[in-house]
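Source file: work-v1.txt; contents: compact mmCIF, C-alpha atoms and all ligand atoms.
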# COMPACT_ATOMS: atom_id res chain seq x y z
CA MET U 1 -1.33 -5.09 -28.91
CA LEU U 2 -1.29 -2.47 -26.13
CA LYS U 3 2.15 -2.09 -24.57
CA ILE U 4 2.37 -0.94 -20.96
CA VAL U 5 5.33 -0.33 -18.70
CA THR U 6 4.54 -0.94 -15.03
CA VAL U 7 6.74 0.58 -12.35
CA VAL U 8 7.03 -1.08 -8.96
CA GLY U 9 9.50 -0.40 -6.17
CA ALA U 10 8.04 -0.60 -2.68
CA ARG U 11 6.35 -3.67 -1.14
CA PRO U 12 2.72 -2.52 -1.50
CA GLN U 13 3.23 -1.71 -5.18
CA ILE U 14 4.50 -5.17 -5.91
CA ILE U 15 1.40 -6.57 -4.22
CA LYS U 16 -0.94 -4.24 -6.14
CA ALA U 17 0.82 -5.00 -9.42
CA ALA U 18 0.13 -8.70 -8.85
CA ALA U 19 -3.58 -8.10 -9.41
CA LEU U 20 -3.11 -6.32 -12.74
CA SER U 21 -0.55 -8.84 -14.00
CA ARG U 22 -2.92 -11.66 -13.12
CA ALA U 23 -5.82 -10.00 -14.96
CA ILE U 24 -3.60 -9.50 -18.02
CA ARG U 25 -2.42 -13.12 -17.90
CA ASN U 26 -5.91 -14.55 -17.43
CA SER U 27 -8.09 -12.33 -19.59
CA PHE U 28 -6.09 -9.94 -21.77
CA ALA U 29 -2.94 -11.86 -22.77
CA ASP U 30 -3.68 -11.43 -26.47
CA GLN U 31 -4.33 -7.69 -26.12
CA ILE U 32 -1.92 -6.30 -23.52
CA THR U 33 1.79 -6.83 -23.12
CA GLU U 34 3.35 -5.70 -19.85
CA ILE U 35 6.97 -4.76 -19.16
CA ILE U 36 7.76 -4.49 -15.43
CA ILE U 37 10.42 -2.10 -14.12
CA HIS U 38 11.49 -2.60 -10.51
CA THR U 39 13.18 0.54 -9.23
CA GLY U 40 14.81 -1.43 -6.40
CA GLN U 41 13.40 0.94 -3.76
CA HIS U 42 12.75 -2.15 -1.64
CA TYR U 43 15.38 -4.83 -2.06
CA ASP U 44 15.51 -7.19 0.96
CA ALA U 45 14.17 -10.57 -0.11
CA ASN U 46 11.32 -10.33 2.42
CA MET U 47 10.35 -6.86 1.11
CA SER U 48 10.45 -7.73 -2.58
CA GLN U 49 11.36 -11.13 -4.05
CA VAL U 50 9.01 -13.05 -1.77
CA PHE U 51 6.02 -11.30 -3.35
CA PHE U 52 7.09 -12.06 -6.92
CA GLU U 53 7.37 -15.73 -6.01
CA GLU U 54 4.28 -16.05 -3.87
CA LEU U 55 1.89 -13.95 -5.96
CA GLY U 56 3.04 -15.31 -9.30
CA ILE U 57 4.14 -11.96 -10.73
CA PRO U 58 6.46 -12.21 -13.71
CA ASN U 59 10.01 -11.30 -12.68
CA PRO U 60 10.78 -7.67 -13.46
CA HIS U 61 12.17 -7.25 -16.96
CA ILE U 62 14.39 -4.45 -15.69
CA ASN U 63 15.68 -3.86 -12.15
CA LEU U 64 17.20 -0.42 -11.68
CA ASN U 65 18.62 -1.48 -8.28
CA ILE U 66 18.41 2.06 -6.90
CA GLY U 67 18.07 1.06 -3.24
CA SER U 68 17.80 3.44 -0.29
CA ALA U 69 18.84 7.10 -0.37
CA SER U 70 17.50 10.54 0.54
CA HIS U 71 14.26 11.52 -1.20
CA GLY U 72 15.92 13.71 -3.81
CA GLU U 73 18.75 11.36 -4.63
CA GLN U 74 16.56 8.27 -4.75
CA THR U 75 13.90 9.92 -6.91
CA ALA U 76 16.47 11.46 -9.25
CA GLN U 77 18.18 8.13 -9.86
CA MET U 78 14.85 6.45 -10.51
CA LEU U 79 13.80 9.22 -12.87
CA LYS U 80 16.94 8.80 -14.91
CA GLY U 81 16.62 5.02 -15.06
CA ILE U 82 12.91 4.99 -15.89
CA GLU U 83 13.28 7.60 -18.64
CA LYS U 84 15.92 5.49 -20.34
CA VAL U 85 13.67 2.43 -20.37
CA LEU U 86 10.69 4.43 -21.64
CA LEU U 87 12.70 5.89 -24.50
CA ASP U 88 13.81 2.40 -25.41
CA LYS U 89 10.49 0.55 -25.02
CA LYS U 90 8.10 3.30 -26.19
CA PRO U 91 5.03 2.01 -24.35
CA ASP U 92 1.48 3.21 -24.88
CA TYR U 93 1.09 3.84 -21.14
CA ILE U 94 3.12 3.86 -17.97
CA VAL U 95 1.21 2.27 -15.08
CA LEU U 96 1.94 3.57 -11.59
CA TYR U 97 0.64 2.58 -8.18
CA GLY U 98 0.08 4.55 -5.01
CA ASP U 99 2.27 7.28 -3.64
CA THR U 100 5.89 6.27 -3.20
CA ASN U 101 9.03 7.84 -4.61
CA SER U 102 8.91 5.19 -7.35
CA THR U 103 5.44 6.48 -8.31
CA LEU U 104 6.63 10.07 -8.47
CA ALA U 105 9.70 9.22 -10.53
CA GLY U 106 7.58 7.28 -13.02
CA ALA U 107 5.09 10.15 -13.34
CA ILE U 108 7.73 12.78 -14.01
CA ALA U 109 9.75 10.62 -16.38
CA ALA U 110 6.77 9.60 -18.51
CA SER U 111 4.79 12.83 -18.60
CA LYS U 112 7.79 14.87 -19.79
CA ILE U 113 8.21 12.64 -22.82
CA HIS U 114 4.45 12.45 -23.47
CA ILE U 115 3.84 8.89 -22.43
CA PRO U 116 0.35 8.82 -20.87
CA VAL U 117 0.38 8.11 -17.16
CA VAL U 118 -2.10 5.65 -15.66
CA HIS U 119 -2.36 6.19 -11.92
CA ILE U 120 -3.89 3.39 -9.90
CA GLU U 121 -5.00 4.47 -6.41
CA ALA U 122 -5.53 8.04 -7.58
CA GLY U 123 -7.42 10.71 -5.63
CA LEU U 124 -6.36 9.81 -2.11
CA ARG U 125 -5.46 12.66 0.17
CA SER U 126 -4.39 12.97 3.77
CA PHE U 127 -4.35 16.79 3.54
CA ASN U 128 -1.00 16.63 5.29
CA LYS U 129 1.77 17.78 3.00
CA SER U 130 4.45 16.96 5.54
CA MET U 131 3.99 13.35 4.38
CA PRO U 132 6.22 12.53 1.39
CA GLU U 133 3.37 10.36 0.12
CA GLU U 134 0.96 13.33 -0.07
CA ILE U 135 3.38 15.23 -2.31
CA ASN U 136 3.95 12.15 -4.47
CA ARG U 137 0.27 11.41 -5.00
CA ILE U 138 -0.73 14.99 -5.78
CA MET U 139 2.09 15.34 -8.31
CA CYS U 140 1.31 12.00 -9.90
CA ASP U 141 -2.43 12.68 -10.19
CA HIS U 142 -1.76 16.01 -11.89
CA ALA U 143 0.54 14.41 -14.47
CA SER U 144 -1.88 11.56 -15.23
CA THR U 145 -4.09 10.83 -18.22
CA LEU U 146 -6.14 7.98 -16.72
CA LEU U 147 -6.88 8.14 -13.00
CA PHE U 148 -8.30 5.02 -11.34
CA VAL U 149 -9.83 5.92 -8.02
CA PRO U 150 -10.65 3.35 -5.33
CA THR U 151 -13.32 5.28 -3.40
CA GLN U 152 -15.99 7.96 -3.82
CA THR U 153 -14.01 10.09 -1.39
CA GLY U 154 -11.12 9.96 -3.85
CA ILE U 155 -13.40 11.20 -6.64
CA LYS U 156 -14.54 14.13 -4.47
CA ASN U 157 -10.94 14.97 -3.59
CA LEU U 158 -10.03 15.14 -7.28
CA GLU U 159 -13.07 17.25 -8.12
CA LYS U 160 -11.98 19.78 -5.50
CA GLU U 161 -8.66 20.03 -7.34
CA GLY U 162 -10.35 20.74 -10.67
CA PHE U 163 -10.64 17.22 -12.11
CA SER U 164 -13.97 16.05 -13.50
CA SER U 165 -15.27 12.51 -13.45
CA GLY U 166 -17.62 13.35 -16.33
CA THR U 167 -15.07 14.02 -19.08
CA LYS U 168 -15.32 12.12 -22.36
CA ALA U 169 -12.57 10.48 -24.40
CA PRO U 170 -10.13 11.13 -25.98
CA TYR U 171 -8.22 11.67 -22.77
CA THR U 172 -4.95 13.51 -22.40
CA SER U 173 -3.05 14.87 -19.41
CA ASP U 174 -4.86 18.17 -19.99
CA HIS U 175 -8.20 16.39 -20.26
CA PRO U 176 -7.81 13.35 -18.03
CA GLY U 177 -10.25 10.50 -17.51
CA VAL U 178 -11.25 9.85 -13.90
CA PHE U 179 -12.74 6.44 -13.10
CA HIS U 180 -14.13 5.08 -9.86
CA CYS U 181 -13.10 1.43 -10.00
CA GLY U 182 -12.79 0.05 -6.46
CA ASP U 183 -9.60 -0.90 -4.73
CA ILE U 184 -7.10 -3.10 -6.53
CA MET U 185 -5.82 -4.46 -3.19
CA PHE U 186 -9.24 -6.03 -2.72
CA ASP U 187 -8.74 -8.03 -5.90
CA ASN U 188 -5.85 -9.81 -4.20
CA LEU U 189 -7.67 -10.35 -0.94
CA VAL U 190 -10.66 -11.85 -2.71
CA TYR U 191 -8.33 -14.04 -4.75
CA PHE U 192 -5.89 -15.16 -2.04
CA SER U 193 -7.81 -15.11 1.24
CA GLU U 194 -9.34 -18.55 0.72
CA ILE U 195 -6.09 -20.29 -0.14
CA ALA U 196 -3.76 -18.52 2.30
CA GLY U 197 -4.56 -20.91 5.17
CA SER U 198 -3.47 -24.01 3.31
CA LYS U 199 -0.24 -22.39 2.09
CA THR U 200 1.24 -20.97 5.28
CA GLY U 201 1.85 -22.26 8.79
CA ILE U 202 2.39 -18.89 10.46
CA MET U 203 -0.39 -19.38 13.03
CA GLN U 204 1.11 -22.69 14.17
CA LYS U 205 4.67 -21.40 13.97
CA LEU U 206 3.89 -18.55 16.38
CA ALA U 207 1.41 -20.67 18.43
CA LEU U 208 -1.36 -18.13 17.89
CA ASP U 209 -5.06 -18.65 18.54
CA GLU U 210 -7.82 -17.12 16.45
CA ASN U 211 -8.74 -13.73 17.98
CA GLY U 212 -6.00 -14.15 20.57
CA PHE U 213 -3.64 -11.44 19.36
CA VAL U 214 -3.28 -7.88 18.13
CA LEU U 215 -1.46 -7.45 14.83
CA CYS U 216 0.72 -4.33 14.58
CA THR U 217 2.76 -2.74 11.81
CA ILE U 218 4.62 0.56 12.04
CA HIS U 219 6.81 2.11 9.36
CA ARG U 220 5.75 5.72 8.57
CA ASP U 221 8.66 8.11 8.71
CA ASN U 222 6.97 10.46 11.15
CA ASN U 223 6.59 7.55 13.58
CA THR U 224 9.97 5.88 13.10
CA ASP U 225 12.00 9.07 12.90
CA SER U 226 10.50 10.70 15.98
CA PRO U 227 11.79 9.04 19.17
CA GLU U 228 8.83 10.43 21.16
CA ARG U 229 6.20 9.08 18.79
CA LEU U 230 7.85 5.68 18.47
CA GLN U 231 8.18 5.49 22.24
CA GLU U 232 4.45 6.18 22.70
CA ILE U 233 3.42 3.53 20.18
CA ILE U 234 5.79 0.83 21.45
CA SER U 235 4.86 1.59 25.03
CA ALA U 236 1.17 1.14 24.14
CA MET U 237 1.97 -2.21 22.52
CA CYS U 238 3.80 -3.34 25.67
CA TYR U 239 0.86 -2.25 27.84
CA ILE U 240 -1.56 -4.30 25.72
CA ALA U 241 0.60 -7.42 26.00
CA GLU U 242 1.19 -6.90 29.73
CA ASN U 243 -2.35 -5.98 30.78
CA LEU U 244 -5.03 -6.87 28.25
CA GLY U 245 -4.46 -10.61 27.98
CA LEU U 246 -3.58 -10.54 24.28
CA LYS U 247 -0.45 -11.45 22.40
CA ILE U 248 1.06 -8.87 20.07
CA VAL U 249 2.47 -9.80 16.67
CA ILE U 250 4.69 -7.17 15.05
CA PRO U 251 6.15 -7.97 11.62
CA LEU U 252 8.73 -5.23 11.56
CA HIS U 253 9.54 -3.11 8.53
CA PRO U 254 13.36 -2.87 8.25
CA ARG U 255 13.17 0.87 8.76
CA THR U 256 11.53 0.34 12.16
CA SER U 257 13.84 -2.52 13.24
CA LYS U 258 16.88 -0.33 12.65
CA ILE U 259 15.44 2.53 14.70
CA ILE U 260 14.29 0.25 17.54
CA GLU U 261 17.74 -1.24 17.73
CA ASN U 262 19.60 2.08 17.60
CA LYS U 263 17.31 4.71 19.09
CA LEU U 264 14.68 3.19 21.38
CA SER U 265 15.33 3.58 25.11
CA LYS U 266 16.95 0.56 26.74
CA ASP U 267 14.02 0.21 29.17
CA LEU U 268 11.54 -0.10 26.35
CA GLN U 269 13.79 -2.44 24.39
CA ILE U 270 13.87 -4.76 27.39
CA ARG U 271 10.09 -4.49 27.89
CA LEU U 272 9.62 -5.30 24.22
CA SER U 273 12.02 -8.18 23.83
CA GLY U 274 11.55 -9.63 27.31
CA ASN U 275 7.82 -10.30 27.00
CA LYS U 276 6.90 -13.74 25.71
CA ASN U 277 3.52 -12.38 24.58
CA ILE U 278 5.21 -10.09 22.08
CA HIS U 279 6.37 -11.55 18.77
CA LEU U 280 8.73 -9.12 17.10
CA ILE U 281 9.33 -10.79 13.76
CA PRO U 282 10.84 -9.89 10.37
CA PRO U 283 8.45 -8.84 7.59
CA VAL U 284 6.20 -11.72 6.60
CA SER U 285 5.05 -12.83 3.17
CA TYR U 286 1.70 -11.63 1.80
CA LEU U 287 -0.07 -14.92 2.44
CA GLU U 288 1.31 -15.01 5.98
CA MET U 289 0.19 -11.44 6.48
CA ILE U 290 -3.35 -12.10 5.38
CA MET U 291 -3.52 -15.14 7.68
CA LEU U 292 -2.44 -12.89 10.54
CA GLU U 293 -5.01 -10.26 9.57
CA LYS U 294 -7.77 -12.81 9.18
CA ASN U 295 -7.15 -14.24 12.67
CA ALA U 296 -6.26 -11.09 14.63
CA ARG U 297 -8.58 -9.75 17.31
CA LEU U 298 -7.65 -6.21 16.30
CA ILE U 299 -5.17 -4.40 14.07
CA LEU U 300 -2.98 -1.46 15.07
CA THR U 301 -1.10 0.10 12.18
CA ASP U 302 0.15 3.18 10.36
CA SER U 303 0.15 1.34 7.02
CA GLY U 304 -2.24 2.38 4.26
CA GLY U 305 -2.72 -1.10 2.85
CA VAL U 306 -3.08 -2.83 6.20
CA GLN U 307 -5.88 -0.41 7.19
CA LYS U 308 -7.94 -1.56 4.21
CA GLU U 309 -7.11 -5.19 4.77
CA ALA U 310 -8.35 -4.85 8.37
CA TYR U 311 -11.66 -3.63 6.98
CA PHE U 312 -11.85 -6.43 4.46
CA PHE U 313 -11.40 -9.01 7.24
CA LYS U 314 -13.90 -7.12 9.43
CA LYS U 315 -11.38 -6.35 12.14
CA PRO U 316 -11.40 -3.33 14.43
CA LEU U 317 -8.67 -0.92 13.47
CA VAL U 318 -6.58 1.53 15.48
CA VAL U 319 -4.67 3.95 13.26
CA ALA U 320 -1.34 5.17 14.62
CA ARG U 321 -1.40 8.32 12.51
CA PRO U 322 -2.90 11.78 12.93
CA GLU U 323 -5.17 11.23 9.92
CA THR U 324 -5.99 8.71 7.21
CA GLU U 325 -6.79 8.71 3.52
CA TRP U 326 -9.24 5.85 4.15
CA VAL U 327 -11.79 8.02 5.93
CA GLU U 328 -14.65 5.58 5.24
CA ILE U 329 -13.26 3.22 7.88
CA ILE U 330 -13.35 5.93 10.52
CA GLU U 331 -16.77 7.20 9.43
CA ASN U 332 -18.18 3.67 9.70
CA GLY U 333 -16.94 3.47 13.27
CA THR U 334 -14.82 0.37 12.67
CA GLY U 335 -11.59 2.32 13.01
CA ILE U 336 -10.28 4.97 15.38
CA ILE U 337 -7.52 7.48 14.75
CA ALA U 338 -5.30 7.27 17.82
CA ASP U 339 -2.19 8.93 16.39
CA ALA U 340 1.02 8.18 18.29
CA ASP U 341 -0.68 8.75 21.65
CA GLU U 342 -0.17 5.90 24.12
CA ALA U 343 -3.27 6.67 26.18
CA LYS U 344 -5.48 7.04 23.09
CA ILE U 345 -4.16 3.80 21.60
CA ILE U 346 -4.87 1.86 24.79
CA GLU U 347 -8.28 3.49 25.16
CA SER U 348 -9.19 2.65 21.53
CA VAL U 349 -8.02 -0.95 21.85
CA SER U 350 -9.97 -1.38 25.10
CA TYR U 351 -13.08 0.14 23.50
CA PHE U 352 -12.99 -2.33 20.62
CA LEU U 353 -12.27 -5.31 22.87
CA GLU U 354 -15.57 -4.68 24.62
CA LYS U 355 -17.55 -4.23 21.43
CA ASP U 356 -19.35 -7.32 20.13
CA SER U 357 -20.20 -6.76 16.51
CA MET U 358 -19.79 -4.07 13.89
CA ASP U 359 -21.02 -3.46 10.35
CA PHE U 360 -18.55 -3.26 7.50
CA PRO U 361 -20.52 -2.03 4.46
CA ASP U 362 -18.82 -2.46 1.07
CA VAL U 363 -16.85 0.65 0.21
CA PHE U 364 -13.82 -0.72 -1.59
CA GLY U 365 -15.41 -2.30 -4.66
CA ASP U 366 -16.07 -5.84 -5.82
CA GLY U 367 -12.59 -7.31 -6.23
CA HIS U 368 -12.49 -6.77 -10.01
CA ALA U 369 -10.75 -3.43 -10.25
CA ALA U 370 -7.90 -4.88 -12.34
CA GLU U 371 -10.17 -6.14 -15.12
CA PHE U 372 -11.93 -2.76 -15.24
CA ILE U 373 -8.58 -0.99 -15.52
CA CYS U 374 -7.41 -3.29 -18.34
CA ARG U 375 -10.66 -2.83 -20.29
CA THR U 376 -10.53 0.94 -19.86
CA MET U 377 -6.89 1.16 -20.97
CA LEU U 378 -7.78 -0.85 -24.08
CA GLU U 379 -10.80 1.31 -24.90
CA GLN U 380 -8.77 4.49 -24.54
CA ILE U 381 -5.63 3.70 -26.48
CA PRO U 382 -3.96 7.09 -26.48
CA SER U 383 -3.97 9.18 -29.62
CA SER U 384 -0.37 10.13 -28.91
CA ARG U 385 0.87 6.55 -29.33
CA PHE U 386 3.93 6.11 -31.46
CA LEU U 387 4.86 9.71 -30.81
CA ASN U 388 8.35 10.48 -32.06
CA LEU U 389 10.38 10.18 -28.91
C1 LIG U 401 8.19 3.51 1.40
C2 LIG U 401 7.20 4.57 0.91
C3 LIG U 401 5.94 4.54 1.75
C4 LIG U 401 5.36 3.14 1.81
C5 LIG U 401 6.42 2.14 2.23
C6 LIG U 401 5.87 0.74 2.11
C7 LIG U 401 8.23 6.61 -0.01
C8 LIG U 401 8.59 8.03 0.24
N1 LIG U 401 7.78 5.91 1.03
O1 LIG U 401 8.54 3.86 2.72
O2 LIG U 401 4.98 5.40 1.20
O3 LIG U 401 4.31 3.14 2.75
O4 LIG U 401 7.56 2.25 1.37
O5 LIG U 401 6.57 -0.17 2.86
O6 LIG U 401 8.37 6.15 -1.12
N2 LIG U 401 15.01 -0.61 3.98
C9 LIG U 401 15.70 -1.79 4.10
N3 LIG U 401 15.44 -2.76 3.17
C10 LIG U 401 14.56 -2.61 2.16
C11 LIG U 401 13.89 -1.39 2.04
C12 LIG U 401 14.12 -0.39 2.95
O7 LIG U 401 16.50 -1.99 4.99
O8 LIG U 401 14.37 -3.55 1.35
C13 LIG U 401 15.25 0.43 5.00
C14 LIG U 401 16.42 1.37 4.64
O9 LIG U 401 17.06 1.69 5.84
C15 LIG U 401 15.70 2.58 4.12
C16 LIG U 401 14.42 2.60 4.94
O10 LIG U 401 14.09 1.25 5.15
O11 LIG U 401 16.44 3.76 4.25
C17 LIG U 401 13.28 3.32 4.28
O12 LIG U 401 13.01 2.77 2.99
P1 LIG U 401 12.26 3.67 1.88
O13 LIG U 401 11.92 2.84 0.72
O14 LIG U 401 13.01 4.90 1.64
O15 LIG U 401 10.95 4.14 2.62
P2 LIG U 401 9.85 3.28 3.37
O16 LIG U 401 9.81 3.74 4.78
O17 LIG U 401 10.03 1.85 3.09
N1 LIG U 402 2.51 -6.75 4.18
C1 LIG U 402 3.16 -7.98 4.05
N2 LIG U 402 4.05 -8.35 5.02
C2 LIG U 402 4.33 -7.58 6.11
C3 LIG U 402 3.66 -6.33 6.22
C4 LIG U 402 2.78 -5.94 5.23
O1 LIG U 402 2.93 -8.72 3.09
O2 LIG U 402 5.16 -7.99 6.93
C5 LIG U 402 1.58 -6.33 3.13
C6 LIG U 402 0.21 -5.97 3.62
O3 LIG U 402 -0.60 -7.12 3.72
C7 LIG U 402 -0.27 -4.99 2.57
C8 LIG U 402 1.01 -4.29 2.15
O4 LIG U 402 2.08 -5.13 2.57
O5 LIG U 402 -0.79 -5.69 1.45
C9 LIG U 402 1.11 -2.96 2.85
O6 LIG U 402 2.40 -2.43 2.66
P1 LIG U 402 3.07 -1.39 3.64
O7 LIG U 402 2.41 -1.42 4.96
O8 LIG U 402 4.52 -1.66 3.57
O9 LIG U 402 2.86 -0.01 2.89
P2 LIG U 402 1.63 1.02 2.74
O10 LIG U 402 0.43 0.27 2.37
O11 LIG U 402 1.52 1.76 4.03
O12 LIG U 402 2.12 1.95 1.68
Full structure transcribed into structure tokens:
Amino acid sequence: MLKIVTVVGARPQIIKAAALSRAIRNSFADQITEIIIHTGQHYDANMSQVFFEELGIPNPHINLNIGSASHGEQTAQMLKGIEKVLLDKKPDYIVLYGDTNSTLAGAIAASKIHIPVVHIEAGLRSFNKSMPEEINRIMCDHASTLLFVPTQTGIKNLEKEGFSSGTKAPYTSDHPGVFHCGDIMFDNLVYFSEIAGSKTGIMQKLALDENGFVLCTIHRDNNTDSPERLQEIISAMCYIAENLGLKIVIPLHPRTSKIIENKLSKDLQIRLSGNKNIHLIPPVSYLEMIMLEKNARLILTDSGGVQKEAYFFKKPLVVARPETEWVEIIENGTGIIADADEAKIIESVSYFLEKDSMDFPDVFGDGHAAEFICRTMLEQIPSSRFLNL
């Protein structure tokens, strides 16, 4: 039996972990046993518990309850907590997702005590090291033994950093295995998109029509923590609702709600809350979110995951960031980088509203990344297993 410890902490990791847990449950239950650690990075019920319930993920075996703190303090506490569990459980692998502080803590904790790191969503780069996520993903990739890469761009990024996708087993952190496997978030979309409609009433609750609204999410620190950038983005949203005949639905990350409440100019707060075409709502569940994505006319976001989901549902995308890791979407012309520039956001939205149809070639895999990852982990059981810890 292969024993893995999975670390989750932030909302998107819980969602990604659902796909692997489901694959284990359905196809590898007699070969893989999974222990889930929740760092507690996200802790509000609508940022964490809702996903365990809705996506059928086993409850975390261990919750470190770290919560919010500065980068250093949060990561240090996670590192300490994860190391303790690893020393106790002695897994064959630690499985990490994405690029959050929980990912980084898991990578440092495991690699220092020679537990092979499996990084899912490896190889992504924004080439902007002012993003905490860029630091986290580079560090995690370079401590990993098995790197599962969603796109060909990710493979190229790794090759530029000295990785090779042609290495042969046995793999170690000095001789890692790099695998192009498609995007694990697609596994969930393929699995849940058909049933989401019958399980949620979000469209009716908000009285939304198909293609009658723009879906927006904003949470990146460089947007929330810069009053000028946030002002530009929110002002663009207000313009769209006031002038382009579309409703705006904004499920707000708690980070953004706090800043809007405390830092946004009073004028803009009134414009935002006084417009009946703008739905400022708390974070929604995953099934609600994919119903909103499926029915939106367009998506405006700075989220990594939501960008890909827009592509999956064949929706035009406006990215409120200076760059993206998901460059395929921009290259295909179905997304535009508008940064936090009000005029550019409005211009991009207007451009897409006048465009009839677009092609969305497959770039994110076939929806079976999780099975591939499980099979590969089983084939490559590390030679260092049962190391004296
Ligand atoms: C984190 C990740 C980011 C990811 C995002 C997904 C890092 C460095 N960042 O950003 O890559 O895109 O999660 O959503 O790991 N808060 C609450 N309740 C919660 C969680 C957070 O109120 O349940 C508030 C707190 O004020 C907290 C702030 O949000 O200080 C930021 O939370 P944090 O987890 O540090 O970063 P995110 O912005 O969520
Ligand atoms: N999501 C959700 N409810 C929301 C907003 C987002 O379920 O109110 C989902 C979304 O569908 C995607 C994931 O959360 O699967 C993206 O997470 P987030 O935007 O927080 O982080 P990122 O992907 O940028 O790291």
* Using all atoms listed in the file, can you list as an MDAnalysis selection string the residues within 12 Å of (-10.1, -13.0, -2.0)? -> chainID U and resid 19 184:196 287 290:291 294 309 312:313 366:368
Environment of ligand LIG 401 (chain U) within 7 Å, counting all atoms listed in the file, reported as a PDB file with C-alpha atoms, in the frame of the given file:
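Listed below is the output, selection11.pdb:
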ATOM      1  CA  ALA U  10       8.040  -0.600  -2.680  1.00  0.00           C
ATOM      2  CA  ARG U  11       6.350  -3.670  -1.140  1.00  0.00           C
ATOM      3  CA  PRO U  12       2.720  -2.520  -1.500  1.00  0.00           C
ATOM      4  CA  GLN U  41      13.400   0.940  -3.760  1.00  0.00           C
ATOM      5  CA  HIS U  42      12.750  -2.150  -1.640  1.00  0.00           C
ATOM      6  CA  TYR U  43      15.380  -4.830  -2.060  1.00  0.00           C
ATOM      7  CA  ASP U  44      15.510  -7.190   0.960  1.00  0.00           C
ATOM      8  CA  MET U  47      10.350  -6.860   1.110  1.00  0.00           C
ATOM      9  CA  SER U  48      10.450  -7.730  -2.580  1.00  0.00           C
ATOM     10  CA  SER U  68      17.800   3.440  -0.290  1.00  0.00           C
ATOM     11  CA  ALA U  69      18.840   7.100  -0.370  1.00  0.00           C
ATOM     12  CA  HIS U  71      14.260  11.520  -1.200  1.00  0.00           C
ATOM     13  CA  ASP U  99       2.270   7.280  -3.640  1.00  0.00           C
ATOM     14  CA  THR U 100       5.890   6.270  -3.200  1.00  0.00           C
ATOM     15  CA  ASN U 101       9.030   7.840  -4.610  1.00  0.00           C
ATOM     16  CA  SER U 102       8.910   5.190  -7.350  1.00  0.00           C
ATOM     17  CA  PRO U 132       6.220  12.530   1.390  1.00  0.00           C
ATOM     18  CA  GLU U 133       3.370  10.360   0.120  1.00  0.00           C
ATOM     19  CA  HIS U 219       6.810   2.110   9.360  1.00  0.00           C
ATOM     20  CA  ARG U 220       5.750   5.720   8.570  1.00  0.00           C
ATOM     21  CA  ASP U 221       8.660   8.110   8.710  1.00  0.00           C
ATOM     22  CA  PRO U 254      13.360  -2.870   8.250  1.00  0.00           C
ATOM     23  CA  ARG U 255      13.170   0.870   8.760  1.00  0.00           C
ATOM     24  CA  SER U 303       0.150   1.340   7.020  1.00  0.00           C
ATOM     25  CA  GLY U 304      -2.240   2.380   4.260  1.00  0.00           C
TER      26      GLY U 304
END
* Asked: Which polymer residues have any atom within 12 Å of an atom of U:Ile270, counting all atoms listed in the file, with same-chain residues fewer than 6 positions away left out, as JSON, numbers by chain?
  -> {"U": [234, 235, 238, 260, 261, 264, 276, 278]}
For stretch 330-347 of chain U, please output as an mmCIF file with C-alpha atoms, in the frame of the given file all residues within 10 Å (counting only C-alpha atoms; exclusion window: fewer than 6 positions along the same chain).
data_model
loop_
_atom_site.group_PDB
_atom_site.id
_atom_site.type_symbol
_atom_site.label_atom_id
_atom_site.label_comp_id
_atom_site.auth_asym_id
_atom_site.auth_seq_id
_atom_site.Cartn_x
_atom_site.Cartn_y
_atom_site.Cartn_z
ATOM 1 C CA ASN U 222 6.970 10.460 11.150
ATOM 2 C CA ASN U 223 6.590 7.550 13.580
ATOM 3 C CA GLU U 228 8.830 10.430 21.160
ATOM 4 C CA ARG U 229 6.200 9.080 18.790
ATOM 5 C CA LEU U 230 7.850 5.680 18.470
ATOM 6 C CA GLN U 231 8.180 5.490 22.240
ATOM 7 C CA GLU U 232 4.450 6.180 22.700
ATOM 8 C CA ILE U 233 3.420 3.530 20.180
ATOM 9 C CA ILE U 234 5.790 0.830 21.450
ATOM 10 C CA SER U 235 4.860 1.590 25.030
ATOM 11 C CA ALA U 236 1.170 1.140 24.140
ATOM 12 C CA MET U 237 1.970 -2.210 22.520
ATOM 13 C CA TYR U 239 0.860 -2.250 27.840
ATOM 14 C CA ILE U 240 -1.560 -4.300 25.720
ATOM 15 C CA LEU U 244 -5.030 -6.870 28.250
ATOM 16 C CA LEU U 298 -7.650 -6.210 16.300
ATOM 17 C CA ILE U 299 -5.170 -4.400 14.070
ATOM 18 C CA LEU U 300 -2.980 -1.460 15.070
ATOM 19 C CA THR U 301 -1.100 0.100 12.180
ATOM 20 C CA ASP U 302 0.150 3.180 10.360
ATOM 21 C CA GLN U 307 -5.880 -0.410 7.190
ATOM 22 C CA ALA U 310 -8.350 -4.850 8.370
ATOM 23 C CA TYR U 311 -11.660 -3.630 6.980
ATOM 24 C CA LYS U 314 -13.900 -7.120 9.430
ATOM 25 C CA LYS U 315 -11.380 -6.350 12.140
ATOM 26 C CA PRO U 316 -11.400 -3.330 14.430
ATOM 27 C CA LEU U 317 -8.670 -0.920 13.470
ATOM 28 C CA VAL U 318 -6.580 1.530 15.480
ATOM 29 C CA VAL U 319 -4.670 3.950 13.260
ATOM 30 C CA ALA U 320 -1.340 5.170 14.620
ATOM 31 C CA ARG U 321 -1.400 8.320 12.510
ATOM 32 C CA PRO U 322 -2.900 11.780 12.930
ATOM 33 C CA GLU U 323 -5.170 11.230 9.920
ATOM 34 C CA THR U 324 -5.990 8.710 7.210
ATOM 35 C CA LEU U 353 -12.270 -5.310 22.870
ATOM 36 C CA SER U 357 -20.200 -6.760 16.510
ATOM 37 C CA MET U 358 -19.790 -4.070 13.890
ATOM 38 C CA ASP U 359 -21.020 -3.460 10.350
ATOM 39 C CA PHE U 360 -18.550 -3.260 7.500
ATOM 40 C CA PRO U 361 -20.520 -2.030 4.460
#
